[in-house]
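What follows is the content of input13.txt, which has compact mmCIF, C-alpha atoms:
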```txt
# COMPACT_ATOMS: atom_id res chain seq x y z
CA MET A 1 -4.05 25.88 103.57
CA ILE A 2 -4.81 24.80 107.11
CA GLY A 3 -3.81 21.53 108.76
CA PHE A 4 -6.27 19.84 111.11
CA MET A 5 -5.15 17.59 113.91
CA LEU A 6 -7.47 16.57 116.74
CA ALA A 7 -6.52 13.97 119.30
CA LEU A 8 -7.06 14.07 123.06
CA ASN A 9 -6.03 11.02 125.04
CA LEU A 10 -7.02 10.70 128.69
CA ILE A 11 -6.27 7.02 129.29
CA PRO A 12 -3.48 5.66 127.13
CA LEU A 13 -3.51 1.89 126.51
CA THR A 14 -0.61 0.09 124.83
CA ASN A 15 -1.20 -3.36 123.38
CA ALA A 16 1.42 -5.98 122.67
CA SER A 17 2.82 -6.08 119.16
CA ALA A 18 4.51 -8.87 117.29
CA GLN A 19 7.85 -8.73 115.52
CA GLN A 20 11.10 -10.65 115.25
CA VAL A 21 13.61 -10.08 118.05
CA VAL A 22 17.07 -11.45 118.70
CA PRO A 23 17.41 -13.19 122.11
CA SER A 24 20.30 -12.47 124.47
CA GLU A 25 22.03 -14.72 127.03
CA PRO A 26 21.55 -15.32 129.86
CA PHE A 27 17.84 -14.75 130.43
CA VAL A 28 14.96 -15.95 132.61
CA HIS A 29 12.10 -17.80 131.00
CA THR A 30 9.05 -19.94 131.72
CA PRO A 31 6.49 -21.92 129.66
CA VAL A 32 3.19 -20.07 129.19
CA LYS A 33 -0.07 -20.08 127.27
CA TRP A 34 -1.70 -16.76 126.43
CA GLY A 35 -4.93 -16.96 124.44
CA ASP A 36 -4.20 -18.90 121.27
CA LYS A 37 -0.43 -18.53 121.74
CA ALA A 38 1.78 -20.97 123.66
CA GLY A 39 5.51 -21.12 124.09
CA GLU A 40 8.36 -19.91 126.28
CA ALA A 41 8.05 -16.44 127.81
CA GLU A 42 11.48 -14.81 128.10
CA PHE A 43 12.96 -11.67 129.69
CA HIS A 44 15.92 -10.11 127.84
CA ILE A 45 18.10 -7.07 128.47
CA VAL A 46 19.08 -5.45 125.18
CA GLY A 47 21.15 -2.28 125.52
CA ASP A 48 19.17 0.39 127.39
CA SER A 49 15.92 -1.54 127.01
CA ALA A 50 14.53 -4.82 128.21
CA LEU A 51 12.12 -7.10 126.40
CA ILE A 52 9.42 -9.59 127.29
CA THR A 53 9.16 -12.06 124.40
CA LEU A 54 7.27 -15.22 123.58
CA ARG A 55 9.22 -17.95 121.80
CA VAL A 56 6.56 -19.79 119.83
CA SER A 57 9.05 -22.04 118.05
CA ALA A 58 12.77 -22.23 117.31
CA ASP A 59 12.23 -19.88 114.36
CA GLU A 60 9.58 -17.52 115.71
CA VAL A 61 9.87 -15.03 118.59
CA LEU A 62 7.10 -12.50 119.28
CA LEU A 63 7.61 -9.21 121.11
CA VAL A 64 5.22 -8.97 124.07
CA ARG A 65 6.46 -5.69 125.58
CA ARG A 66 9.47 -3.46 125.14
CA ILE A 67 10.44 -1.96 128.50
CA GLU A 68 11.89 1.50 127.87
CA ASN A 69 10.56 3.53 130.80
CA PRO A 70 8.92 3.13 134.23
CA SER A 71 5.42 2.99 132.71
CA ASP A 72 6.43 -0.09 130.70
CA ALA A 73 7.99 -1.66 133.80
CA LEU A 74 4.86 -1.04 135.87
CA ALA A 75 2.69 -2.71 133.22
CA VAL A 76 4.90 -5.82 133.50
CA LEU A 77 5.07 -5.73 137.30
CA ALA A 78 1.27 -5.45 137.53
CA ASP A 79 0.66 -8.51 135.33
CA GLU A 80 0.64 -11.71 137.42
CA ARG A 81 1.34 -13.79 134.32
CA LEU A 82 4.77 -12.18 134.04
CA SER A 83 5.88 -12.85 137.61
CA PHE A 84 8.79 -14.97 136.34
CA SER A 85 10.44 -11.74 135.09
CA TRP A 86 9.95 -9.55 138.16
CA PRO A 87 13.21 -10.28 140.06
CA ALA A 88 15.37 -9.79 136.96
CA LEU A 89 13.42 -6.68 135.93
CA LEU A 90 13.81 -5.06 139.36
CA THR A 91 17.52 -5.90 139.46
CA TRP A 92 17.93 -4.12 136.13
CA ALA A 93 15.53 -1.19 136.72
CA GLY A 94 16.07 -0.73 140.47
CA SER A 95 13.80 -2.00 143.22
CA ASP A 96 11.93 1.34 143.12
CA LEU A 97 12.47 1.90 139.35
CA VAL A 98 14.63 4.98 140.04
CA VAL A 99 17.59 3.53 138.08
CA LEU A 100 15.37 3.15 135.00
CA ARG A 101 13.73 6.54 135.59
CA ASP A 102 17.08 8.33 135.66
CA LYS A 103 18.32 6.57 132.51
CA VAL A 104 15.16 7.60 130.67
CA LEU A 105 15.58 11.21 131.84
CA LEU A 106 19.14 11.35 130.51
CA ARG A 107 18.10 9.91 127.14
CA ALA A 108 15.15 12.27 126.81
CA LYS A 109 17.24 15.33 127.70
CA ALA A 110 19.91 14.36 125.17
CA ALA A 111 17.23 13.85 122.52
CA ALA A 112 15.70 17.26 123.26
CA ASP A 113 19.12 18.96 123.19
CA ILE A 114 19.93 17.37 119.83
CA GLY A 115 16.45 17.89 118.40
CA LEU A 116 15.86 14.26 117.48
CA PRO A 117 13.57 12.10 119.62
CA ASN A 118 14.66 8.65 120.70
CA ALA A 119 12.60 5.55 119.99
CA ASP A 120 10.41 6.03 123.07
CA LEU A 121 7.67 8.12 121.44
CA ARG A 122 4.28 7.73 123.10
CA GLY A 123 0.87 8.75 121.82
CA GLN A 124 -0.41 10.20 118.59
CA THR A 125 0.75 13.74 119.36
CA GLU A 126 4.42 12.79 119.67
CA GLU A 127 4.26 10.28 116.81
CA ASN A 128 2.70 12.81 114.41
CA SER A 129 4.95 15.76 115.27
CA GLY A 130 8.14 16.77 113.51
CA ALA A 131 11.43 15.61 115.00
CA LEU A 132 12.28 18.75 117.00
CA GLN A 133 8.73 19.15 118.32
CA ALA A 134 8.48 15.45 119.16
CA ALA A 135 11.76 15.59 121.09
CA LYS A 136 10.53 18.53 123.18
CA LEU A 137 7.17 16.88 123.85
CA GLN A 138 8.90 13.65 124.78
CA TYR A 139 11.21 15.40 127.23
CA ALA A 140 8.29 17.25 128.84
CA ARG A 141 6.41 13.96 129.26
CA VAL A 142 9.41 12.21 130.79
CA LEU A 143 10.08 15.12 133.18
CA ASN A 144 6.43 15.05 134.24
CA GLN A 145 6.37 11.27 134.73
CA SER A 146 9.61 11.45 136.73
CA GLY A 147 8.23 13.84 139.35
CA ARG A 148 9.87 16.93 137.88
CA ARG A 149 6.68 18.75 136.96
CA LYS A 150 7.98 22.25 137.63
CA ASP A 151 10.87 21.59 135.24
CA ALA A 152 8.43 20.31 132.62
CA VAL A 153 6.28 23.44 132.94
CA THR A 154 9.36 25.71 132.72
CA MET A 155 10.72 23.91 129.66
CA LEU A 156 7.37 23.98 127.83
CA THR A 157 6.78 27.65 128.69
CA GLN A 158 10.21 28.61 127.34
CA GLN A 159 9.64 26.57 124.20
CA ILE A 160 6.25 28.20 123.59
CA GLN A 161 7.74 31.67 124.02
CA SER A 162 10.48 30.90 121.49
CA THR A 163 8.12 29.39 118.89
CA PRO A 164 7.31 31.77 115.99
CA THR A 165 3.80 33.17 115.70
CA THR A 166 3.67 32.27 112.01
CA LEU A 167 0.89 29.99 110.72
CA ASP A 168 3.05 26.87 111.05
CA GLY A 169 4.27 28.11 114.41
CA GLN A 170 0.70 28.41 115.67
CA TYR A 171 0.28 24.63 115.35
CA ASP A 172 3.53 23.96 117.16
CA ARG A 173 2.43 26.35 119.90
CA MET A 174 -0.95 24.62 120.11
CA VAL A 175 0.58 21.18 120.69
CA LEU A 176 2.98 22.57 123.29
CA ASN A 177 0.19 24.47 125.03
CA ILE A 178 -2.02 21.40 125.19
CA ARG A 179 0.82 19.38 126.73
CA LEU A 180 1.42 22.24 129.19
CA VAL A 181 -2.19 22.52 130.35
CA SER A 182 -2.40 18.75 130.84
CA ILE A 183 0.42 19.01 133.40
CA LEU A 184 -1.07 22.11 135.04
CA PHE A 185 -4.45 20.39 135.35
CA GLU A 186 -2.86 17.39 137.08
CA ASP A 187 -1.18 19.77 139.52
CA GLY A 188 -4.51 21.41 140.32
CA ASP A 189 -3.78 24.77 138.69
CA PHE A 190 -7.15 24.95 136.94
CA ALA A 191 -7.18 28.77 136.89
CA GLU A 192 -4.01 28.82 134.74
CA VAL A 193 -5.44 26.08 132.49
CA LEU A 194 -8.49 28.26 131.83
CA ASN A 195 -6.32 31.35 131.32
CA ILE A 196 -4.11 29.70 128.69
CA LEU A 197 -6.94 28.05 126.78
CA HIS A 198 -9.24 31.11 126.77
CA GLN A 199 -6.33 33.29 125.62
CA HIS A 200 -5.77 31.20 122.50
CA ILE A 201 -9.45 30.57 121.79
CA LYS A 202 -10.07 34.34 121.73
CA ASP A 203 -6.88 35.21 119.82
CA ASP A 204 -7.70 36.28 116.23
CA LYS A 205 -4.36 34.82 115.07
CA THR A 206 -5.33 31.31 116.16
CA PRO A 207 -6.24 29.27 113.04
CA PRO A 208 -9.83 27.91 113.03
CA ASP A 209 -8.89 24.24 113.38
CA ALA A 210 -6.34 25.01 116.12
CA ARG A 211 -9.09 26.94 117.92
CA ILE A 212 -11.26 23.82 117.80
CA ASN A 213 -8.48 21.82 119.43
CA TYR A 214 -8.24 24.41 122.20
CA GLN A 215 -12.03 24.35 122.63
CA VAL A 216 -12.17 20.57 122.85
CA THR A 217 -9.29 20.58 125.32
CA LEU A 218 -11.13 23.16 127.41
CA SER A 219 -14.36 21.17 127.31
CA GLN A 220 -12.70 18.00 128.56
CA TYR A 221 -11.17 19.77 131.56
CA LEU A 222 -14.48 21.47 132.31
CA ALA A 223 -16.26 18.10 132.21
CA ARG A 224 -13.63 16.30 134.28
CA SER A 225 -13.73 19.04 136.93
CA GLY A 226 -17.53 18.98 137.16
CA ASN A 227 -18.38 22.16 135.22
CA TYR A 228 -20.91 20.23 133.17
CA ASN A 229 -23.12 23.01 131.77
CA LEU A 230 -20.17 24.99 130.44
CA ALA A 231 -18.54 21.78 129.20
CA LEU A 232 -21.66 20.89 127.24
CA GLU A 233 -21.88 24.39 125.77
CA THR A 234 -18.20 24.32 124.78
CA ILE A 235 -18.16 20.84 123.24
CA THR A 236 -21.38 21.58 121.32
CA LYS A 237 -19.83 24.72 119.85
CA SER A 238 -16.64 22.80 119.05
CA LEU A 239 -18.59 20.17 117.15
CA ASP A 240 -20.57 22.84 115.27
CA ASP A 241 -17.35 24.62 114.30
CA PHE A 242 -15.80 21.32 113.26
CA LEU A 243 -18.72 20.48 110.97
CA LYS A 244 -18.64 23.95 109.37
CA ILE A 245 -15.01 23.64 108.19
CA ASN A 246 -14.89 23.25 104.42
CA PRO A 247 -12.74 20.18 103.65
CA GLN A 248 -11.68 21.75 100.34
CA ASP A 249 -10.07 24.66 102.22
CA ILE A 250 -7.88 22.59 104.50
CA ILE A 251 -5.34 19.83 104.59
CA SER A 252 -7.21 17.43 106.86
CA ILE A 253 -4.98 15.48 109.21
CA LYS A 254 -7.60 13.61 111.25
CA LEU A 255 -6.04 11.20 113.67
CA PRO A 256 -7.80 7.87 114.37
CA GLY A 257 -10.59 8.24 116.91
CA SER A 258 -10.83 12.04 116.66
CA GLU A 259 -14.64 12.02 116.49
CA ALA A 260 -14.78 9.74 119.52
CA GLN A 261 -13.19 12.53 121.59
CA PHE A 262 -16.23 14.71 120.95
CA SER A 263 -18.45 11.81 121.95
CA TRP A 264 -16.97 10.95 125.34
CA ILE A 265 -16.88 14.59 126.43
CA GLN A 266 -20.50 15.04 125.32
CA ALA A 267 -21.51 11.90 127.21
CA CYS A 268 -19.89 13.12 130.43
CA ALA A 269 -21.37 16.62 130.15
CA LEU A 270 -24.86 15.30 129.34
CA HIS A 271 -24.73 12.92 132.27
CA GLY A 272 -23.60 15.75 134.51
CA VAL A 273 -26.60 17.94 133.62
CA GLY A 274 -29.04 15.09 134.19
CA ARG A 275 -29.57 13.94 130.60
CA GLU A 276 -28.68 10.34 131.44
CA LYS A 277 -30.48 8.63 128.55
CA GLU A 278 -28.63 10.68 125.96
CA ALA A 279 -25.35 10.08 127.75
CA LYS A 280 -25.96 6.32 127.90
CA ALA A 281 -26.81 6.21 124.19
CA ILE A 282 -23.45 7.82 123.37
CA VAL A 283 -21.54 5.46 125.67
CA ASP A 284 -23.34 2.47 124.12
CA SER A 285 -22.30 3.70 120.67
CA LEU A 286 -18.65 3.64 121.80
CA ASN A 287 -18.49 -0.12 121.41
CA PRO A 288 -15.20 -1.30 119.90
CA ALA A 289 -16.98 -4.31 118.37
CA LEU A 290 -18.92 -1.92 116.11
CA PHE A 291 -15.76 -0.43 114.59
CA SER A 292 -12.90 -1.64 112.46
CA ALA A 293 -9.90 -3.22 114.13
CA GLU A 294 -7.90 -0.15 113.09
CA ASN A 295 -10.03 2.16 115.24
CA ALA A 296 -11.09 -0.24 118.01
CA ALA A 297 -8.36 0.82 120.46
CA GLN A 298 -9.28 4.52 120.16
CA ILE A 299 -12.98 3.73 120.62
CA ARG A 300 -12.28 1.61 123.68
CA GLN A 301 -10.19 4.40 125.14
CA ALA A 302 -12.94 6.97 124.53
CA ARG A 303 -15.50 4.69 126.21
CA LEU A 304 -13.29 4.34 129.28
CA ASN A 305 -12.74 8.10 129.33
CA ALA A 306 -16.50 8.64 129.36
CA LEU A 307 -17.18 6.14 132.15
CA LEU A 308 -14.36 7.55 134.27
CA CYS A 309 -15.54 11.13 133.75
CA MET A 310 -19.16 10.10 134.50
CA LYS A 311 -17.97 8.36 137.69
CA ASP A 312 -19.79 5.20 136.60
CA THR A 313 -17.87 2.82 138.85
CA LYS A 314 -20.22 -0.10 138.22
CA GLN A 315 -19.91 -0.05 134.44
CA LEU A 316 -16.18 0.59 134.66
CA GLY A 317 -15.83 -2.52 136.81
CA ILE A 318 -17.84 -4.53 134.27
CA ASP A 319 -15.78 -3.20 131.35
CA PHE A 320 -12.51 -3.90 133.16
CA ALA A 321 -13.66 -7.43 134.01
CA THR A 322 -14.48 -8.12 130.35
CA MET A 323 -11.25 -6.61 129.07
CA ILE A 324 -8.88 -8.26 131.51
CA LEU A 325 -9.83 -11.78 130.44
CA THR A 326 -8.52 -11.21 126.90
CA GLU A 327 -5.96 -8.46 127.53
CA PRO A 328 -2.48 -9.07 126.08
CA PRO A 329 0.30 -9.43 128.67
CA ALA A 330 1.75 -6.15 129.97
CA SER A 331 -0.88 -4.01 128.27
CA GLY A 332 -1.17 -0.42 129.46
CA LEU A 333 -4.43 -1.48 131.08
CA PHE A 334 -2.44 -3.02 133.94
CA GLN A 335 -0.93 0.35 134.79
CA LEU A 336 -4.29 2.10 134.38
CA LEU A 337 -5.81 -0.24 136.96
CA GLN A 338 -3.45 1.14 139.64
CA PRO A 339 -5.64 3.90 141.16
CA ASP A 340 -2.69 5.87 142.55
CA ASN A 341 -1.42 6.32 139.00
CA ARG A 342 -4.15 8.93 138.47
CA ALA A 343 -3.03 12.44 139.39
CA PHE A 344 -6.57 13.89 139.46
CA LEU A 345 -8.00 12.92 142.85
CA PRO A 346 -11.68 12.50 141.79
CA GLU A 347 -10.61 10.05 139.07
CA ARG A 348 -8.41 8.19 141.53
CA ALA A 349 -11.42 7.73 143.81
CA VAL A 350 -13.54 6.43 140.91
CA LEU A 351 -10.91 3.87 139.95
CA ARG A 352 -10.55 2.71 143.55
CA MET A 353 -14.27 1.92 143.62
CA ALA A 354 -14.29 0.30 140.17
CA VAL A 355 -11.50 -2.16 140.98
CA LYS A 356 -13.36 -3.27 144.13
CA ASP A 357 -16.31 -4.54 142.07
CA PRO A 358 -16.75 -8.28 142.79
CA LEU A 359 -17.08 -9.12 139.11
CA PHE A 360 -13.78 -7.39 138.36
CA LEU A 361 -12.00 -8.95 141.33
CA LYS A 362 -13.02 -12.40 140.12
CA ALA A 363 -11.73 -11.69 136.60
CA ALA A 364 -8.55 -10.04 137.92
CA SER A 365 -7.54 -13.04 140.04
CA GLY A 366 -4.32 -14.44 138.58
CA HIS A 367 -4.04 -11.51 136.20
CA VAL A 368 -3.75 -8.17 138.04
CA ARG A 369 -1.32 -7.28 140.81
CA PHE A 370 -1.90 -4.04 142.72
CA LEU A 371 1.45 -2.38 143.32
CA GLY A 372 2.67 -0.73 146.50
CA GLY A 373 5.62 -0.78 148.87
CA SER A 374 8.87 0.25 147.20
CA LEU A 375 6.97 0.79 143.94
CA SER A 376 4.45 3.27 145.39
CA SER A 377 6.39 6.37 144.29
CA ALA A 378 6.81 5.01 140.76
CA VAL A 379 3.09 4.24 140.53
CA LYS A 380 2.38 7.86 141.57
CA GLU A 381 5.00 9.07 139.06
CA TRP A 382 6.96 10.57 141.96
CA ARG A 383 4.38 13.28 142.61
CA ASN A 384 5.33 15.64 145.43
CA ASN A 385 8.85 14.21 145.35
CA GLN A 386 10.41 16.99 143.30
```

Would you mind giving the structure from this file in structure tokens?
Amino acid sequence: MIGFMLALNLIPLTNASAQQVVPSEPFVHTPVKWGDKAGEAEFHIVGDSALITLRVSADEVLLVRRIENPSDALAVLADERLSFSWPALLTWAGSDLVVLRDKVLLRAKAAADIGLPNADLRGQTEENSGALQAAKLQYARVLNQSGRRKDAVTMLTQQIQSTPTTLDGQYDRMVLNIRLVSILFEDGDFAEVLNILHQHIKDDKTPPDARINYQVTLSQYLARSGNYNLALETITKSLDDFLKINPQDIISIKLPGSEAQFSWIQACALHGVGREKEAKAIVDSLNPALFSAENAAQIRQARLNALLCMKDTKQLGIDFATMILTEPPASGLFQLLQPDNRAFLPERAVLRMAVKDPLFLKAASGHVRFLGGSLSSAVKEWRNNQ
């Protein structure tokens, strides 16, 4: 029996969620109206976390954003509508977010040592992994986002080497390897990315569905780095292999939006080899309005991935302008819109052009704050500050 899990996320977006929370005293607050919601926006410190909430009535408080790490803080600090909370947030997290960064590092290390992740799981890979695996993945992510990339690579490499080569172990190794190559790619070590992925694609012991994951991962890095012909060949083979798998022979664990990952990589590769009409048709099909609410976020993400990879700055600007007008406060989109947050320099250049589009700038007025100064290192996730 083979398990299948396919999920590649290039641009993570976190939307606000609603739930009951208990307010703390004292706290800063201000009256606001967001979409169809109106009430009192409040900033609370609760233990090791902080919260942005919306008090709709005396009996109803909605959670806007839980601030557990620097990424959460940046999303709040980049949203003009939450400016009332900025002084209190920076006092708590540090003017450069280093205080919050170091707290998160300590929590993540303790969780990895114990083998139980803390509440700050991010992304489908961490959320769908077992406790021990999730804790290791979480720690690697936090190390990477804190500027300690060499430590993240060392930890993941050691974990991969100690993971059994049994069938179950092959899936654990796959997830760890995919996290590892994502960090190596950001650091510009493309040769090692290719080496690791080709090694496992060619290995006879790699289960068929795990091999597909490696192939799709390879194809996205080929496309993003401009190797369009090979990317198209690899993603086409991956899709063929995916369609040949007999569902009766496997335990299918298909994460939401898995098929959309094939689509955005195909779109980028097709565009890169000059097949623009086919690429545009795929991008047009990645319209969240055409999908259920359950899958809309994954489809939107895949569409943005495609446009970023295709370097379509004009359409990205249009999409951003449309999204920002209805975006929930402190969404991950606000962090995404900070060009320096991208480690891969070609993508950073694309974002810089997209956010200069006049249509976007008009929509962003009063919504988006571009971060710099003492927050520059945090926006860059402390790259080159090891």

Original post:
What gap, in Å, lies between atom CA of Lys314 of chain A and atom CA of Gln124 of chain A?
Top reply: 29.7 Å

Around all the atoms of segment 346-357 of chain A listed in the file, with 5 Å of room on each side, what axis-aligned box do you get, giving centre and edge lengths in Å to one decimal, as JSON?
```
{"center_x": -12.4, "center_y": 4.0, "center_z": 141.6, "size_x": 17.9, "size_y": 27.0, "size_z": 15.1}
```

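With atom CA of Gly35 of chain A on one side and atom CA of Asp284 of chain A on the other, the separation reads 26.8 Å.
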
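Candidate residues A:Tyr228, A:Arg55, A:Asp102, A:Val216 were compared for distance to Asp241 of chain A, and the nearest is A:Val216, using all atoms listed in the file.
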
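With distances taken over all atoms listed in the file, A:Phe262 is the one residue among A:Tyr221, A:Tyr214, A:Phe262, A:Phe190 lying closest to Thr236 of chain A.
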
Subject >> Within 10 Å of segment 316-324 of chain A using all atoms listed in the file, minus same-chain residues under 2 positions, as an NGL selection string >> reply: :A and (300 or 303-308 or 310-314 or 326-329 or 331 or 333-334 or 337 or 350-351 or 353-365 or 367-368)

Original post:
Within 7 Å of segment 72-87 of chain A, counting all atoms listed in the file, which residues qualify if same-chain residues fewer than 5 places away don't, as a ChimeraX atom specification?
Top reply: /A:28-30,43,67,329-332,334-335,366-371

**OP:** Counting only C-alpha atoms, figure out which residue out of A:Ala293, A:Ala131, A:Leu62, A:Val98 gets nearest to Ala378 of chain A.
**Re:** A:Val98

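For the choices A:Ile114, A:Asp203, A:Asp96, A:Gly274, the atom-to-atom distance to Gly372 of chain A is smallest for A:Asp96 when using all atoms listed in the file.
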
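Coordinates place atom CA of Arg107 of chain A at a distance of 22.1 Å from atom CA of Ile160 of chain A.
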
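Closest approach to Lys205 of chain A from the set A:Thr163, A:Gln220, A:Asn69, A:Gln170 is made by A:Gln170, with distances taken over only C-alpha atoms.
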
Original post:
So which residues touch Leu137 of chain A within 8 Å, counting only C-alpha atoms, skipping near sequence neighbours fewer than 5 positions away, as a VMD selection string?
Top reply: chain A and resid 126 176 179

So that I have them on file, write out the residues from the current selection with C-alpha atoms, as an mmCIF file, keeping the file's coordinate frame.
```cif
data_model
loop_
_atom_site.group_PDB
_atom_site.id
_atom_site.type_symbol
_atom_site.label_atom_id
_atom_site.label_comp_id
_atom_site.auth_asym_id
_atom_site.auth_seq_id
_atom_site.Cartn_x
_atom_site.Cartn_y
_atom_site.Cartn_z
ATOM 1 C CA GLU A 126 4.420 12.790 119.670
ATOM 2 C CA LEU A 176 2.980 22.570 123.290
ATOM 3 C CA ARG A 179 0.820 19.380 126.730
#
```

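When the distance limit is 10 Å and only C-alpha atoms are what count, the residues near Asn341 of chain A, minus those fewer than 6 positions from it on the same chain, are Ser71, Gln335, Glu347, Arg348, Leu351, Ser376, Ser377, Ala378, Val379, Lys380, Glu381, Trp382 and Arg383 of chain A.
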
Subject >> All residues 10 Å or closer to Gly226 of chain A, only C-alpha atoms, same chain fewer than 4 positions away omitted, as a PyMOL selection string >> reply: chain A and resi 220-222+230-231+268-269+272-273+309-310+346

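Of the residues under consideration (A:Arg149, A:Ile201, A:Ala111, A:Gly47), A:Arg149 shows the shortest atom-to-atom contact distance to Gly188 of chain A when counting only C-alpha atoms.
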
Original post:
Which protein, DNA or RNA residues are at most 9 Å from (2.7, 27.3, 123.7) in the file's coordinates when you count only C-alpha atoms, listed as JSON, numbers by chain?
Top reply: {"A": [156, 157, 158, 159, 160, 161, 162, 163, 170, 172, 173, 174, 175, 176, 177, 178, 179, 180, 196]}

Just save segment 293-299 of chain A with all heavy atoms, as a PDB file, in the first residue's frame.
```pdb
ATOM      1  N   ALA A 293     -15.169  27.108  -2.377  1.00  0.00           N
ATOM      2  CA  ALA A 293     -14.503  27.930  -1.363  1.00  0.00           C
ATOM      3  C   ALA A 293     -13.397  27.151  -0.677  1.00  0.00           C
ATOM      4  O   ALA A 293     -12.376  27.726  -0.274  1.00  0.00           O
ATOM      5  CB  ALA A 293     -15.531  28.424  -0.345  1.00  0.00           C
ATOM      6  N   GLU A 294     -13.576  25.841  -0.562  1.00  0.00           N
ATOM      7  CA  GLU A 294     -12.590  24.988   0.111  1.00  0.00           C
ATOM      8  C   GLU A 294     -11.245  25.007  -0.604  1.00  0.00           C
ATOM      9  O   GLU A 294     -10.190  24.943   0.030  1.00  0.00           O
ATOM     10  CB  GLU A 294     -13.117  23.548   0.177  1.00  0.00           C
ATOM     11  CG  GLU A 294     -12.162  22.567   0.838  1.00  0.00           C
ATOM     12  CD  GLU A 294     -12.666  21.135   0.799  1.00  0.00           C
ATOM     13  OE1 GLU A 294     -13.728  20.899   0.174  1.00  0.00           O
ATOM     14  OE2 GLU A 294     -12.014  20.267   1.383  1.00  0.00           O
ATOM     15  N   ASN A 295     -11.277  25.094  -1.947  1.00  0.00           N
ATOM     16  CA  ASN A 295     -10.048  25.025  -2.730  1.00  0.00           C
ATOM     17  C   ASN A 295      -9.608  26.376  -3.290  1.00  0.00           C
ATOM     18  O   ASN A 295      -8.563  26.467  -3.940  1.00  0.00           O
ATOM     19  CB  ASN A 295     -10.221  24.049  -3.895  1.00  0.00           C
ATOM     20  CG  ASN A 295     -10.374  22.611  -3.420  1.00  0.00           C
ATOM     21  OD1 ASN A 295      -9.743  22.210  -2.457  1.00  0.00           O
ATOM     22  ND2 ASN A 295     -11.219  21.856  -4.088  1.00  0.00           N
ATOM     23  N   ALA A 296     -10.380  27.431  -3.042  1.00  0.00           N
ATOM     24  CA  ALA A 296     -10.101  28.723  -3.665  1.00  0.00           C
ATOM     25  C   ALA A 296      -8.731  29.266  -3.289  1.00  0.00           C
ATOM     26  O   ALA A 296      -8.019  29.830  -4.125  1.00  0.00           O
ATOM     27  CB  ALA A 296     -11.192  29.728  -3.293  1.00  0.00           C
ATOM     28  N   ALA A 297      -8.334  29.110  -2.026  1.00  0.00           N
ATOM     29  CA  ALA A 297      -7.043  29.655  -1.584  1.00  0.00           C
ATOM     30  C   ALA A 297      -5.883  28.973  -2.305  1.00  0.00           C
ATOM     31  O   ALA A 297      -4.921  29.633  -2.711  1.00  0.00           O
ATOM     32  CB  ALA A 297      -6.894  29.494  -0.075  1.00  0.00           C
ATOM     33  N   GLN A 298      -5.963  27.641  -2.487  1.00  0.00           N
ATOM     34  CA  GLN A 298      -4.895  26.923  -3.172  1.00  0.00           C
ATOM     35  C   GLN A 298      -4.834  27.316  -4.651  1.00  0.00           C
ATOM     36  O   GLN A 298      -3.747  27.418  -5.227  1.00  0.00           O
ATOM     37  CB  GLN A 298      -5.096  25.412  -3.038  1.00  0.00           C
ATOM     38  CG  GLN A 298      -4.778  24.852  -1.666  1.00  0.00           C
ATOM     39  CD  GLN A 298      -5.851  25.151  -0.642  1.00  0.00           C
ATOM     40  OE1 GLN A 298      -7.021  25.325  -0.997  1.00  0.00           O
ATOM     41  NE2 GLN A 298      -5.480  25.210   0.620  1.00  0.00           N
ATOM     42  N   ILE A 299      -6.007  27.526  -5.261  1.00  0.00           N
ATOM     43  CA  ILE A 299      -6.036  27.924  -6.669  1.00  0.00           C
ATOM     44  C   ILE A 299      -5.454  29.322  -6.829  1.00  0.00           C
ATOM     45  O   ILE A 299      -4.670  29.592  -7.753  1.00  0.00           O
ATOM     46  CB  ILE A 299      -7.483  27.879  -7.205  1.00  0.00           C
ATOM     47  CG1 ILE A 299      -8.046  26.452  -7.105  1.00  0.00           C
ATOM     48  CG2 ILE A 299      -7.532  28.377  -8.644  1.00  0.00           C
ATOM     49  CD1 ILE A 299      -7.235  25.402  -7.825  1.00  0.00           C
TER      50      ILE A 299
END
```
